[in-house]
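Asks: First the structure, then my questions, so here it is.
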Amino acid sequence: MRRLLPLALALLAAACGKKLPPLPPLEAIPARPEPLTVTQQATDVVLRFPFPRKTVTGAPLDGLTRVTVLRELVPAPPTGAPPAPPEGPGREREERLFLQRAERVQRLGRADLDEATVGSDVVVRDSLYGLFVERRLGRVFVRYAVTATRDRKGTSDPSPIVSIRPLVPPGAPRELTTTVEEGRVCLDWKEPVEMLDGSTPVSAPAYAVYRRDAAEGPDGVFEEPLGMATHGPFFVDDSVAPGRKYVYTVRAAPAKTTPLVLGPPAGEALADTRDVFPPKAPEGLTLLAEPEGVRLVWNPVLSADLGGYRVYRRPPGGGWSVAAPKVQETTWFDGGAAPGTAWGVSALDREGNESPRAEAAQEERR
């Protein structure tokens with residue numbers, strides 16, 4: 001409708017014998033880019049919108065010259081959500097006022113657009129570093145819109161005006177440590193000292209935890225977060241594989257809402273999941289006297305990586321020695337042992353880690 005009204009006025013003026021500057025043909029005007037989404041990443045706002053490919057009539061758009069990113073700063077109350085995009089009868093008026101007040105923060109030519117295109121979308125970053133330095137993050141709403149231009153004069157209506165309240169990210173978490181337990185890695189750290197702009201108190205109700213393989217070397221890249229810590233500065237990773245080395249880091253966020261606004265990462269911490277954990281000691285070791293000797297029986301050890309058992313013997317007045325290096329059953333027979341002999345049984349895992357001994361002694365005959 002906004003494009004049809006100037007065209008009707010131009011025809012009316014021409015009918016009265018007056019000449020006006022020619023308007024671009026309606027079919028040459030790009031359609032307004034939509035939808036427009038904005039998210040915050042650290043001190044940048046990331047804008048995403050479809051690559052302009054249609055005119056207002058729905059015909060294919062050729063001759064796209066540029067896309068312009070517009071931004072307006074609006075004071076924000078201490079609490080409250082950003083304003084929704086204007087709709088209804090007042091939308092056109094609100095968009096006109098926005099175009100009058102907004103500043104042009106980026107102007108993307110065709111080469112810039114090609115570089116910024118990801119799939120079918122254009123992805124643009126707008127730095128808020130100036131607001132960060134001025135400590136205005138969290139105190140203003142930032143409103144964005146984009147327009148598409150064909151040739152010199154065929155400019156679209158603005159996209160829907162989308163608002164965001166940029167938050168101040170926390171500083172880097174401190175003293176990240178890892179504790180390797182059987183089948184898991186426990187992470188602990190301390191919260192940042194201050195927010196990224198130097199302000200206090202610190203607000204870090206959520207942390208993103210990252211993990212990568214140490215085999216990637218110092219240039220390895222952390223991809224998507226492994227998980228979130230929302231109950232304090234700790235996290236348990238129970239998805240580790242044995243015999244691996246992992247590198248961890250964490251980043252703090254000022255809110256639990258997604259997408260997360262993350263501060264800088266903590267110093268990296270290494271975890272080696274090599275199996276050094278012995279199984280539990282056997283229980284219920286019992287000595288059964290038989291005519292030809294003594295039979296040992298014990299309860300099985302329930303361990304996923306159990307490799308077997310080791311039997312020890314200690315003669316009266318002597319020391320312990322290995323009687324059977326590796327036994328698969330939960331019983332073992334010893335023939336001809338002297339009265340007063342003691343026996344011990346330990347459990348072994350597949351890596352050779354050995355449990356404490358369960359011990360039992362035969363009474364000496366009187």
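Identifiers in this document derive from the order of the structure tokens: chains are assigned A, B, ..., residues are numbered from 1 separately in each chain, and ligands are numbered from 1 in order of occurrence.
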Env of Gly319 of chain A: 10 Å cut, atoms = only C-alpha atoms, seq-sep filter 6 positions within chain, self excluded. Answer as a PDB file with N, CA, C and O atoms, in the first residue's frame.
Replies:
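This is the output file selection35.pdb:
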```pdb
ATOM      1  N   TYR A 312      46.580 -65.155  46.886  1.00  0.00           N
ATOM      2  CA  TYR A 312      47.831 -65.070  47.638  1.00  0.00           C
ATOM      3  C   TYR A 312      47.832 -66.128  48.747  1.00  0.00           C
ATOM      4  O   TYR A 312      46.773 -66.560  49.230  1.00  0.00           O
ATOM      5  N   ARG A 313      49.055 -66.516  49.138  1.00  0.00           N
ATOM      6  CA  ARG A 313      49.226 -67.464  50.240  1.00  0.00           C
ATOM      7  C   ARG A 313      50.301 -66.930  51.185  1.00  0.00           C
ATOM      8  O   ARG A 313      51.311 -66.382  50.746  1.00  0.00           O
ATOM      9  N   ALA A 342      47.472 -68.700  55.730  1.00  0.00           N
ATOM     10  CA  ALA A 342      46.462 -67.675  55.423  1.00  0.00           C
ATOM     11  C   ALA A 342      46.405 -67.470  53.916  1.00  0.00           C
ATOM     12  O   ALA A 342      47.399 -67.668  53.206  1.00  0.00           O
TER      13      ALA A 342
END
```
Asks: Contacts of Glu223 of chain A at 9 Å or less, counting only C-alpha atoms, minus same-chain residues fewer than 2 places along, as a ChimeraX atom specification?
Replies: /A:210-212,221,225-226
Asks: I want to know what sits within 9 Å of segment 42-59 of chain A, based on only C-alpha atoms, with residues of the same chain fewer than 3 positions away left out; could you give that as a ChimeraX atom specification?
Replies: /A:3,26-39,62,64,67,113,117,120-129,131-132,137,144,146,148,156,164,166-169,260-264
Asks: What's the 9 Å shell around Arg314 of chain A, counting only C-alpha atoms, without same-chain residues fewer than 3 positions away, as a compact mmCIF listing (two decimals) with N, CA and C atoms, in the first residue's frame?
Replies:
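Writing the result to around_21.txt gives the following:
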```txt
# COMPACT_ATOMS: atom_id res chain seq x y z
N GLY A 317 54.25 -67.85 59.90
CA GLY A 317 55.51 -67.16 60.16
C GLY A 317 56.16 -66.56 58.93
N GLY A 318 55.55 -66.69 57.76
CA GLY A 318 56.15 -66.17 56.53
C GLY A 318 55.42 -64.94 55.98
N GLY A 319 55.78 -64.57 54.77
CA GLY A 319 55.17 -63.41 54.11
C GLY A 319 54.25 -63.83 52.98
N TRP A 320 53.58 -62.85 52.42
CA TRP A 320 52.63 -63.13 51.34
C TRP A 320 53.36 -63.38 50.02
N SER A 321 52.84 -64.33 49.27
CA SER A 321 53.33 -64.59 47.92
C SER A 321 52.14 -64.95 47.04
N VAL A 322 52.34 -64.79 45.73
CA VAL A 322 51.27 -65.09 44.79
C VAL A 322 51.17 -66.58 44.58
N GLY A 340 47.63 -73.40 59.69
CA GLY A 340 47.95 -72.02 60.03
C GLY A 340 48.23 -71.13 58.82
N THR A 341 48.09 -71.70 57.62
CA THR A 341 48.29 -70.90 56.41
C THR A 341 47.15 -69.89 56.25
N ALA A 342 47.47 -68.70 55.73
CA ALA A 342 46.46 -67.67 55.42
C ALA A 342 46.41 -67.47 53.92
N TRP A 343 45.22 -67.13 53.45
CA TRP A 343 45.05 -66.87 52.02
C TRP A 343 44.42 -65.48 51.82
N GLY A 344 44.69 -64.94 50.69
CA GLY A 344 44.09 -63.64 50.31
C GLY A 344 43.67 -63.68 48.86
N ALA A 361 42.37 -66.91 57.34
CA ALA A 361 43.45 -67.79 57.81
C ALA A 361 42.88 -69.12 58.30
```
Asks: Please identify the strand (DSSP E or B) residues within segment 143-294 of chain A (assignment by DSSP from backbone atoms) and present them as a ChimeraX atom specification.
Replies: /A:143-150,154-155,162-164,170,174-181,184-190,195,206-213,227-229,234-237,245-253,265,269-272,286-290,293-294
Asks: May I have the residues within 8 Å of Pro356 of chain A as a count of residues only, using only C-alpha atoms and disregarding those fewer than 2 positions away in the same chain?
Replies: 6
Asks: Fewer than 4 positions away in the same chain doesn't count, so skip those; otherwise give me all residues within 6 Å of Ser163 of chain A, counting only C-alpha atoms, as a count of residues only.
Replies: 3
Asks: Set the distance at 8 Å and use only C-alpha atoms: which residues neighbour Arg101 of chain A once local chain neighbours fewer than 3 positions away are removed? I'd like the list as a PDB file with N, CA, C and O atoms, in the first residue's frame.
Replies:
```
ATOM      1  N   GLU A  72      18.902   2.021  16.084  1.00  0.00           N
ATOM      2  CA  GLU A  72      18.451   3.108  16.954  1.00  0.00           C
ATOM      3  C   GLU A  72      18.618   2.665  18.407  1.00  0.00           C
ATOM      4  O   GLU A  72      18.320   1.531  18.758  1.00  0.00           O
ATOM      5  N   LEU A  97       9.141   7.062  11.570  1.00  0.00           N
ATOM      6  CA  LEU A  97       9.894   7.704  12.647  1.00  0.00           C
ATOM      7  C   LEU A  97      11.232   7.001  12.869  1.00  0.00           C
ATOM      8  O   LEU A  97      12.263   7.643  13.114  1.00  0.00           O
ATOM      9  N   PHE A  98      11.209   5.671  12.792  1.00  0.00           N
ATOM     10  CA  PHE A  98      12.460   4.928  12.955  1.00  0.00           C
ATOM     11  C   PHE A  98      13.467   5.320  11.879  1.00  0.00           C
ATOM     12  O   PHE A  98      14.645   5.558  12.168  1.00  0.00           O
TER      13      PHE A  98
END
```
Asks: So, with only C-alpha atoms as the atoms that count, which of A:Val74, A:Val193, A:Ile161, A:Ala229 lies closest to Arg136 of chain A?
Replies: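 Ranking A:Val74, A:Val193, A:Ile161, A:Ala229 by distance to Arg136 of chain A, first place goes to A:Val74.
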Asks: Counting only C-alpha atoms, which residue out of A:Arg251, A:Arg357, A:Arg93, A:His231 sits closest to Arg174 of chain A?
Replies: A:Arg251
Asks: Among segment 57-238 of chain A, which ones does DSSP place in helix (DSSP H, G or I), written as a VMD selection string?
Replies: chain A and resid 88 to 101 110 to 116 129 to 133 214 to 216
Asks: Which residue out of A:Arg184, A:Gly220, A:Leu288, A:Pro192 has the minimum interatomic distance to Arg244 of chain A when only C-alpha atoms are used?
Replies: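 Between A:Arg184, A:Gly220, A:Leu288, A:Pro192, the residue approaching Arg244 of chain A most closely is A:Arg184.
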Asks: Can you measure atom CA of Pro158 of chain A to atom CA of Glu134 of chain A for me? One decimal in Å is fine.
Replies: 28.7 Å
